[in-house]
file start08.txt (compact mmCIF, N, CA, C and O atoms)
# COMPACT_ATOMS: atom_id res chain seq x y z
N MET W 1413 118.99 110.14 86.10
CA MET W 1413 118.49 109.10 86.98
C MET W 1413 117.10 109.49 87.43
O MET W 1413 116.83 110.65 87.71
N LEU W 1414 116.23 108.51 87.51
CA LEU W 1414 114.88 108.70 88.00
C LEU W 1414 114.55 107.57 88.95
O LEU W 1414 114.74 106.39 88.61
N LEU W 1415 114.09 107.91 90.12
CA LEU W 1415 113.64 106.92 91.10
C LEU W 1415 112.13 107.02 91.16
O LEU W 1415 111.58 108.05 91.54
N LYS W 1416 111.45 105.98 90.74
CA LYS W 1416 110.00 105.97 90.69
C LYS W 1416 109.47 105.06 91.80
O LYS W 1416 109.67 103.85 91.76
N ARG W 1417 108.81 105.65 92.77
CA ARG W 1417 108.25 104.87 93.88
C ARG W 1417 106.96 104.20 93.40
O ARG W 1417 106.07 104.86 92.92
N VAL W 1418 106.90 102.87 93.54
CA VAL W 1418 105.79 102.13 92.97
C VAL W 1418 104.89 101.44 94.00
O VAL W 1418 103.72 101.21 93.74
N ARG W 1419 105.40 101.10 95.16
CA ARG W 1419 104.61 100.43 96.19
C ARG W 1419 105.09 100.88 97.56
O ARG W 1419 106.28 101.08 97.78
N GLN W 1420 104.14 100.99 98.48
CA GLN W 1420 104.51 101.31 99.86
C GLN W 1420 103.87 100.30 100.79
O GLN W 1420 102.66 100.07 100.74
N GLY W 1421 104.71 99.69 101.63
CA GLY W 1421 104.23 98.78 102.65
C GLY W 1421 104.20 99.49 103.99
O GLY W 1421 104.42 100.70 104.09
N LYS W 1422 103.95 98.74 105.04
CA LYS W 1422 103.89 99.33 106.39
C LYS W 1422 105.25 99.88 106.83
O LYS W 1422 105.32 100.91 107.47
N ASN W 1423 106.33 99.18 106.46
CA ASN W 1423 107.67 99.58 106.91
C ASN W 1423 108.65 99.83 105.78
O ASN W 1423 109.85 100.00 106.04
N SER W 1424 108.19 99.81 104.53
CA SER W 1424 109.13 99.95 103.42
C SER W 1424 108.47 100.59 102.20
O SER W 1424 107.25 100.63 102.09
N THR W 1425 109.32 101.05 101.28
CA THR W 1425 108.89 101.63 100.02
C THR W 1425 109.68 100.95 98.90
O THR W 1425 110.90 100.90 98.95
N LEU W 1426 108.99 100.43 97.90
CA LEU W 1426 109.63 99.78 96.76
C LEU W 1426 109.65 100.77 95.60
O LEU W 1426 108.64 101.39 95.28
N SER W 1427 110.81 100.92 94.99
CA SER W 1427 110.98 101.86 93.88
C SER W 1427 111.68 101.18 92.72
O SER W 1427 112.31 100.13 92.87
N GLU W 1428 111.58 101.81 91.54
CA GLU W 1428 112.31 101.38 90.36
C GLU W 1428 113.29 102.49 90.00
O GLU W 1428 112.94 103.66 90.02
N LEU W 1429 114.52 102.12 89.68
CA LEU W 1429 115.55 103.08 89.33
C LEU W 1429 115.81 103.02 87.82
O LEU W 1429 116.04 101.95 87.26
N TYR W 1430 115.74 104.20 87.17
CA TYR W 1430 115.96 104.32 85.73
C TYR W 1430 117.16 105.23 85.47
O TYR W 1430 117.34 106.23 86.15
N ALA W 1431 117.96 104.88 84.48
CA ALA W 1431 119.08 105.72 84.02
C ALA W 1431 118.87 105.96 82.53
O ALA W 1431 118.75 105.00 81.76
N ASP W 1432 118.78 107.22 82.14
CA ASP W 1432 118.51 107.57 80.75
C ASP W 1432 117.27 106.87 80.21
O ASP W 1432 117.25 106.41 79.06
N GLY W 1433 116.26 106.74 81.06
CA GLY W 1433 114.99 106.13 80.66
C GLY W 1433 114.96 104.62 80.66
O GLY W 1433 113.94 104.01 80.39
N LEU W 1434 116.08 103.96 80.98
CA LEU W 1434 116.16 102.50 80.98
C LEU W 1434 116.15 101.97 82.41
O LEU W 1434 116.93 102.41 83.25
N PHE W 1435 115.28 100.98 82.67
CA PHE W 1435 115.20 100.37 83.99
C PHE W 1435 116.54 99.74 84.36
O PHE W 1435 117.15 99.03 83.56
N GLN W 1436 117.02 100.01 85.60
CA GLN W 1436 118.29 99.46 86.06
C GLN W 1436 118.10 98.43 87.17
O GLN W 1436 118.70 97.37 87.13
N CYS W 1437 117.27 98.76 88.16
CA CYS W 1437 117.10 97.85 89.29
C CYS W 1437 115.96 98.33 90.19
O CYS W 1437 115.43 99.42 90.03
N TYR W 1438 115.59 97.48 91.14
CA TYR W 1438 114.63 97.86 92.17
C TYR W 1438 115.39 98.43 93.36
O TYR W 1438 116.54 98.05 93.62
N VAL W 1439 114.75 99.32 94.10
CA VAL W 1439 115.34 99.94 95.28
C VAL W 1439 114.37 99.76 96.44
O VAL W 1439 113.16 99.96 96.28
N LEU W 1440 114.88 99.37 97.59
CA LEU W 1440 114.06 99.21 98.79
C LEU W 1440 114.48 100.26 99.80
O LEU W 1440 115.65 100.32 100.18
N GLU W 1441 113.54 101.11 100.19
CA GLU W 1441 113.81 102.18 101.15
C GLU W 1441 112.91 102.02 102.37
O GLU W 1441 111.96 101.24 102.37
N ASP W 1442 113.19 102.84 103.37
CA ASP W 1442 112.31 102.91 104.53
C ASP W 1442 110.97 103.52 104.11
O ASP W 1442 110.79 103.97 102.98
N SER W 1443 110.03 103.60 105.03
CA SER W 1443 108.71 104.17 104.77
C SER W 1443 108.75 105.66 104.47
O SER W 1443 109.65 106.36 104.93
N ILE W 1444 107.75 106.12 103.72
CA ILE W 1444 107.55 107.55 103.52
C ILE W 1444 106.83 108.07 104.76
O ILE W 1444 105.82 107.51 105.18
N ARG W 1445 107.37 109.11 105.37
CA ARG W 1445 106.76 109.68 106.57
C ARG W 1445 106.69 111.20 106.43
O ARG W 1445 107.49 111.81 105.74
N ASP W 1446 105.72 111.79 107.09
CA ASP W 1446 105.58 113.25 107.09
C ASP W 1446 106.70 113.92 107.87
O ASP W 1446 107.15 115.00 107.53
N HIS W 1447 107.17 113.27 108.92
CA HIS W 1447 108.25 113.80 109.76
C HIS W 1447 109.40 112.81 109.77
O HIS W 1447 109.20 111.61 109.93
N LYS W 1448 110.62 113.31 109.61
CA LYS W 1448 111.83 112.48 109.55
C LYS W 1448 112.08 111.77 110.86
O LYS W 1448 112.05 112.37 111.93
N ILE W 1449 112.29 110.46 110.78
CA ILE W 1449 112.74 109.65 111.91
C ILE W 1449 114.02 108.97 111.42
O ILE W 1449 113.98 108.17 110.48
N LYS W 1450 115.15 109.31 112.02
CA LYS W 1450 116.44 108.80 111.57
C LYS W 1450 116.43 107.28 111.47
O LYS W 1450 116.05 106.59 112.41
N GLY W 1451 116.84 106.76 110.31
CA GLY W 1451 116.91 105.33 110.09
C GLY W 1451 115.57 104.67 109.82
O GLY W 1451 115.50 103.46 109.67
N GLN W 1452 114.49 105.46 109.74
CA GLN W 1452 113.16 104.89 109.51
C GLN W 1452 112.36 105.64 108.44
O GLN W 1452 111.19 105.36 108.24
N THR W 1453 112.99 106.60 107.76
CA THR W 1453 112.29 107.42 106.79
C THR W 1453 113.07 107.44 105.48
O THR W 1453 114.28 107.61 105.48
N CYS W 1454 112.35 107.28 104.36
CA CYS W 1454 113.02 107.30 103.06
C CYS W 1454 113.52 108.72 102.74
O CYS W 1454 113.14 109.69 103.38
N ILE W 1455 114.36 108.82 101.74
CA ILE W 1455 114.88 110.11 101.29
C ILE W 1455 113.70 110.91 100.73
O ILE W 1455 112.92 110.39 99.95
N PRO W 1456 113.57 112.17 101.11
CA PRO W 1456 112.45 112.99 100.62
C PRO W 1456 112.48 113.13 99.10
O PRO W 1456 113.54 113.17 98.48
N ALA W 1457 111.29 113.20 98.50
CA ALA W 1457 111.19 113.42 97.05
C ALA W 1457 111.82 114.75 96.69
O ALA W 1457 111.77 115.70 97.47
N GLY W 1458 112.44 114.82 95.53
CA GLY W 1458 113.06 116.07 95.10
C GLY W 1458 114.14 115.82 94.08
O GLY W 1458 114.35 114.69 93.63
N ARG W 1459 114.85 116.85 93.73
CA ARG W 1459 115.97 116.76 92.79
C ARG W 1459 117.27 116.83 93.57
O ARG W 1459 117.42 117.68 94.45
N TYR W 1460 118.19 115.95 93.24
CA TYR W 1460 119.47 115.87 93.93
C TYR W 1460 120.60 115.81 92.91
O TYR W 1460 120.45 115.22 91.84
N SER W 1461 121.73 116.40 93.25
CA SER W 1461 122.92 116.31 92.41
C SER W 1461 123.62 114.99 92.69
O SER W 1461 123.70 114.56 93.84
N LEU W 1462 124.12 114.35 91.65
CA LEU W 1462 124.87 113.11 91.79
C LEU W 1462 126.33 113.37 91.46
O LEU W 1462 126.64 114.20 90.61
N GLY W 1463 127.20 112.65 92.12
CA GLY W 1463 128.62 112.78 91.85
C GLY W 1463 129.35 111.52 92.29
O GLY W 1463 128.76 110.63 92.89
N ILE W 1464 130.60 111.45 92.00
CA ILE W 1464 131.42 110.30 92.39
C ILE W 1464 132.01 110.57 93.76
O ILE W 1464 132.57 111.64 94.03
N ASN W 1465 131.89 109.60 94.64
CA ASN W 1465 132.42 109.69 95.99
C ASN W 1465 133.85 109.14 96.00
O ASN W 1465 134.07 107.96 95.72
N TYR W 1466 134.80 109.99 96.31
CA TYR W 1466 136.21 109.57 96.36
C TYR W 1466 136.71 109.38 97.78
O TYR W 1466 137.87 109.12 98.00
N TRP W 1467 135.86 109.54 98.77
CA TRP W 1467 136.28 109.48 100.17
C TRP W 1467 135.25 108.67 100.96
O TRP W 1467 134.21 108.31 100.47
N GLY W 1468 135.56 108.42 102.21
CA GLY W 1468 134.63 107.73 103.11
C GLY W 1468 135.05 106.30 103.37
O GLY W 1468 135.72 105.67 102.56
N GLY W 1469 134.63 105.79 104.50
CA GLY W 1469 135.00 104.45 104.94
C GLY W 1469 134.56 103.34 104.00
O GLY W 1469 135.33 102.42 103.70
N MET W 1470 133.32 103.37 103.52
CA MET W 1470 132.84 102.31 102.65
C MET W 1470 133.55 102.35 101.29
O MET W 1470 133.82 101.31 100.70
N ASN W 1471 133.85 103.54 100.80
CA ASN W 1471 134.57 103.67 99.54
C ASN W 1471 135.92 102.96 99.65
O ASN W 1471 136.30 102.18 98.78
N THR W 1472 136.64 103.21 100.72
CA THR W 1472 137.94 102.58 100.94
C THR W 1472 137.81 101.07 101.07
O THR W 1472 138.59 100.31 100.49
N ALA W 1473 136.80 100.63 101.82
CA ALA W 1473 136.59 99.19 102.04
C ALA W 1473 136.28 98.47 100.73
O ALA W 1473 136.83 97.40 100.45
N TYR W 1474 135.40 99.05 99.90
CA TYR W 1474 135.06 98.41 98.62
C TYR W 1474 136.22 98.45 97.63
O TYR W 1474 136.39 97.54 96.83
N LYS W 1475 137.01 99.50 97.68
CA LYS W 1475 138.17 99.58 96.79
C LYS W 1475 139.17 98.46 97.11
O LYS W 1475 139.74 97.86 96.21
N LYS W 1476 139.34 98.15 98.39
CA LYS W 1476 140.23 97.06 98.80
C LYS W 1476 139.62 95.70 98.44
O LYS W 1476 140.32 94.79 98.00
N ARG W 1477 138.31 95.57 98.64
CA ARG W 1477 137.64 94.30 98.43
C ARG W 1477 137.45 93.95 96.94
O ARG W 1477 137.51 92.80 96.56
N PHE W 1478 137.20 94.98 96.12
CA PHE W 1478 136.95 94.78 94.70
C PHE W 1478 137.85 95.69 93.86
O PHE W 1478 137.37 96.55 93.12
N PRO W 1479 139.17 95.52 93.91
CA PRO W 1479 140.09 96.45 93.25
C PRO W 1479 139.92 96.52 91.73
O PRO W 1479 140.16 97.56 91.13
N ASP W 1480 139.51 95.45 91.09
CA ASP W 1480 139.35 95.44 89.63
C ASP W 1480 138.03 96.04 89.18
O ASP W 1480 137.88 96.41 88.02
N MET W 1481 137.06 96.14 90.10
CA MET W 1481 135.73 96.59 89.72
C MET W 1481 135.39 97.97 90.30
O MET W 1481 134.75 98.77 89.63
N HIS W 1482 135.80 98.24 91.51
CA HIS W 1482 135.39 99.47 92.18
C HIS W 1482 136.19 100.68 91.68
O HIS W 1482 137.40 100.66 91.63
N GLN W 1483 135.46 101.72 91.26
CA GLN W 1483 136.12 102.92 90.72
C GLN W 1483 135.62 104.17 91.44
O GLN W 1483 135.30 105.15 90.82
N GLU W 1484 135.55 104.16 92.75
CA GLU W 1484 135.06 105.24 93.59
C GLU W 1484 133.55 105.24 93.64
O GLU W 1484 132.85 104.59 93.01
call {"tool": "encode", "arguments": {"input": "start08.txt", "output": "structure tokens"}}
result
Amino acid sequence: MLLKRVRQGKNSTLSELYADGLFQCYVLEDSIRDHKIKGQTCIPAGRYSLGINYWGGMNTAYKKRFPDMHQE
């Protein structure tokens, strides 16, 4: 996965998300800031591990709402 930040506005950052080099979708994040402000700062640039989430409130809610589609 690659998240490529392409535009920054006053309050938001527009990115493109790629999987195996293929464009998947656009992503809208908070602004890039030098200092973290909870709920107002995008995720810092870097490398992150990805995995499947099997727990959490939203996971449970989506599994109930979309049982045929949601797979954790």
call {"tool": "select_by_dssp", "arguments": {"input": "start08.txt", "residues": "chain W", "states": "strand (DSSP E or B)", "output": "MDAnalysis selection string"}}
result
chainID W and resid 1414:1420 1425:1431 1434:1441 1443 1453
call {"tool": "write_last_selection", "arguments": {"input": "start08.txt", "atoms": "N, CA, C and O atoms", "output": "short mmCIF file (atom, residue, chain, number, x, y, z; two decimals), in the coordinates of the input"}}
result
data_model
loop_
_atom_site.label_atom_id
_atom_site.label_comp_id
_atom_site.auth_asym_id
_atom_site.auth_seq_id
_atom_site.Cartn_x
_atom_site.Cartn_y
_atom_site.Cartn_z
N LEU W 1414 116.23 108.51 87.51
CA LEU W 1414 114.88 108.70 88.00
C LEU W 1414 114.55 107.57 88.95
O LEU W 1414 114.74 106.39 88.61
N LEU W 1415 114.09 107.91 90.12
CA LEU W 1415 113.64 106.92 91.10
C LEU W 1415 112.13 107.02 91.16
O LEU W 1415 111.58 108.05 91.54
N LYS W 1416 111.45 105.98 90.74
CA LYS W 1416 110.00 105.97 90.69
C LYS W 1416 109.47 105.06 91.80
O LYS W 1416 109.67 103.85 91.76
N ARG W 1417 108.81 105.65 92.77
CA ARG W 1417 108.25 104.87 93.88
C ARG W 1417 106.96 104.20 93.40
O ARG W 1417 106.07 104.86 92.92
N VAL W 1418 106.90 102.87 93.54
CA VAL W 1418 105.79 102.13 92.97
C VAL W 1418 104.89 101.44 94.00
O VAL W 1418 103.72 101.21 93.74
N ARG W 1419 105.40 101.10 95.16
CA ARG W 1419 104.61 100.43 96.19
C ARG W 1419 105.09 100.88 97.56
O ARG W 1419 106.28 101.08 97.78
N GLN W 1420 104.14 100.99 98.48
CA GLN W 1420 104.51 101.31 99.86
C GLN W 1420 103.87 100.30 100.79
O GLN W 1420 102.66 100.07 100.74
N THR W 1425 109.32 101.05 101.28
CA THR W 1425 108.89 101.63 100.02
C THR W 1425 109.68 100.95 98.90
O THR W 1425 110.90 100.90 98.95
N LEU W 1426 108.99 100.43 97.90
CA LEU W 1426 109.63 99.78 96.76
C LEU W 1426 109.65 100.77 95.60
O LEU W 1426 108.64 101.39 95.28
N SER W 1427 110.81 100.92 94.99
CA SER W 1427 110.98 101.86 93.88
C SER W 1427 111.68 101.18 92.72
O SER W 1427 112.31 100.13 92.87
N GLU W 1428 111.58 101.81 91.54
CA GLU W 1428 112.31 101.38 90.36
C GLU W 1428 113.29 102.49 90.00
O GLU W 1428 112.94 103.66 90.02
N LEU W 1429 114.52 102.12 89.68
CA LEU W 1429 115.55 103.08 89.33
C LEU W 1429 115.81 103.02 87.82
O LEU W 1429 116.04 101.95 87.26
N TYR W 1430 115.74 104.20 87.17
CA TYR W 1430 115.96 104.32 85.73
C TYR W 1430 117.16 105.23 85.47
O TYR W 1430 117.34 106.23 86.15
N ALA W 1431 117.96 104.88 84.48
CA ALA W 1431 119.08 105.72 84.02
C ALA W 1431 118.87 105.96 82.53
O ALA W 1431 118.75 105.00 81.76
N LEU W 1434 116.08 103.96 80.98
CA LEU W 1434 116.16 102.50 80.98
C LEU W 1434 116.15 101.97 82.41
O LEU W 1434 116.93 102.41 83.25
N PHE W 1435 115.28 100.98 82.67
CA PHE W 1435 115.20 100.37 83.99
C PHE W 1435 116.54 99.74 84.36
O PHE W 1435 117.15 99.03 83.56
N GLN W 1436 117.02 100.01 85.60
CA GLN W 1436 118.29 99.46 86.06
C GLN W 1436 118.10 98.43 87.17
O GLN W 1436 118.70 97.37 87.13
N CYS W 1437 117.27 98.76 88.16
CA CYS W 1437 117.10 97.85 89.29
C CYS W 1437 115.96 98.33 90.19
O CYS W 1437 115.43 99.42 90.03
N TYR W 1438 115.59 97.48 91.14
CA TYR W 1438 114.63 97.86 92.17
C TYR W 1438 115.39 98.43 93.36
O TYR W 1438 116.54 98.05 93.62
N VAL W 1439 114.75 99.32 94.10
CA VAL W 1439 115.34 99.94 95.28
C VAL W 1439 114.37 99.76 96.44
O VAL W 1439 113.16 99.96 96.28
N LEU W 1440 114.88 99.37 97.59
CA LEU W 1440 114.06 99.21 98.79
C LEU W 1440 114.48 100.26 99.80
O LEU W 1440 115.65 100.32 100.18
N GLU W 1441 113.54 101.11 100.19
CA GLU W 1441 113.81 102.18 101.15
C GLU W 1441 112.91 102.02 102.37
O GLU W 1441 111.96 101.24 102.37
N SER W 1443 110.03 103.60 105.03
CA SER W 1443 108.71 104.17 104.77
C SER W 1443 108.75 105.66 104.47
O SER W 1443 109.65 106.36 104.93
N THR W 1453 112.99 106.60 107.76
CA THR W 1453 112.29 107.42 106.79
C THR W 1453 113.07 107.44 105.48
O THR W 1453 114.28 107.61 105.48
#
call {"tool": "atom_distance", "arguments": {"input": "start08.txt", "atom1": "atom O of W:Glu1428", "atom2": "atom CA of W:Leu1440"}}
result
9.9 Å
call {"tool": "residues_around", "arguments": {"input": "start08.txt", "residues": "stretch 1441-1443 of chain W", "least_positions_apart": "2", "cutoff": "5 Å", "atoms": "all atoms listed in the file", "output": "list in words"}}
result
Asn1423, Ser1424, Thr1425, Val1439, Arg1445, Gln1452, Thr1453 and Cys1454 of chain W
call {"tool": "atom_distance", "arguments": {"input": "start08.txt", "atom1": "atom C of W:Ile1449", "atom2": "atom CA of W:Tyr1466"}}
result
26.8 Å
call {"tool": "closest_residue", "arguments": {"input": "start08.txt", "among": "W:Ala1457, W:Phe1478, W:Gly1451, W:Lys1416", "to": "W:Tyr1438", "atoms": "all atoms listed in the file"}}
result
W:Lys1416
call {"tool": "axis_aligned_box", "arguments": {"input": "start08.txt", "around": "stretch 1447-1453 of chain W", "padding_each_side": "5 Å", "output": "JSON"}}
result
{"center_x": 112.0, "center_y": 108.6, "center_z": 108.9, "size_x": 19.7, "size_y": 20.3, "size_z": 16.9}
call {"tool": "atom_distance", "arguments": {"input": "start08.txt", "atom1": "atom N of W:Ser1461", "atom2": "atom C of W:Lys1476"}}
result
27.8 Å
call {"tool": "residues_around", "arguments": {"input": "start08.txt", "residues": "W:His1482", "least_positions_apart": "2", "cutoff": "12 Å", "atoms": "only C-alpha atoms", "output": "list in words"}}
result
Ile1464, Asn1465, Tyr1466, Met1470, Asn1471, Thr1472, Ala1473, Tyr1474, Lys1475, Lys1476, Arg1477, Phe1478, Pro1479, Asp1480 and Glu1484 of chain W
call {"tool": "closest_residue", "arguments": {"input": "start08.txt", "among": "W:Arg1419, W:Met1481, W:Gly1468, W:Arg1459", "to": "W:Ile1444", "atoms": "only N, CA, C and O atoms"}}
result
W:Arg1419
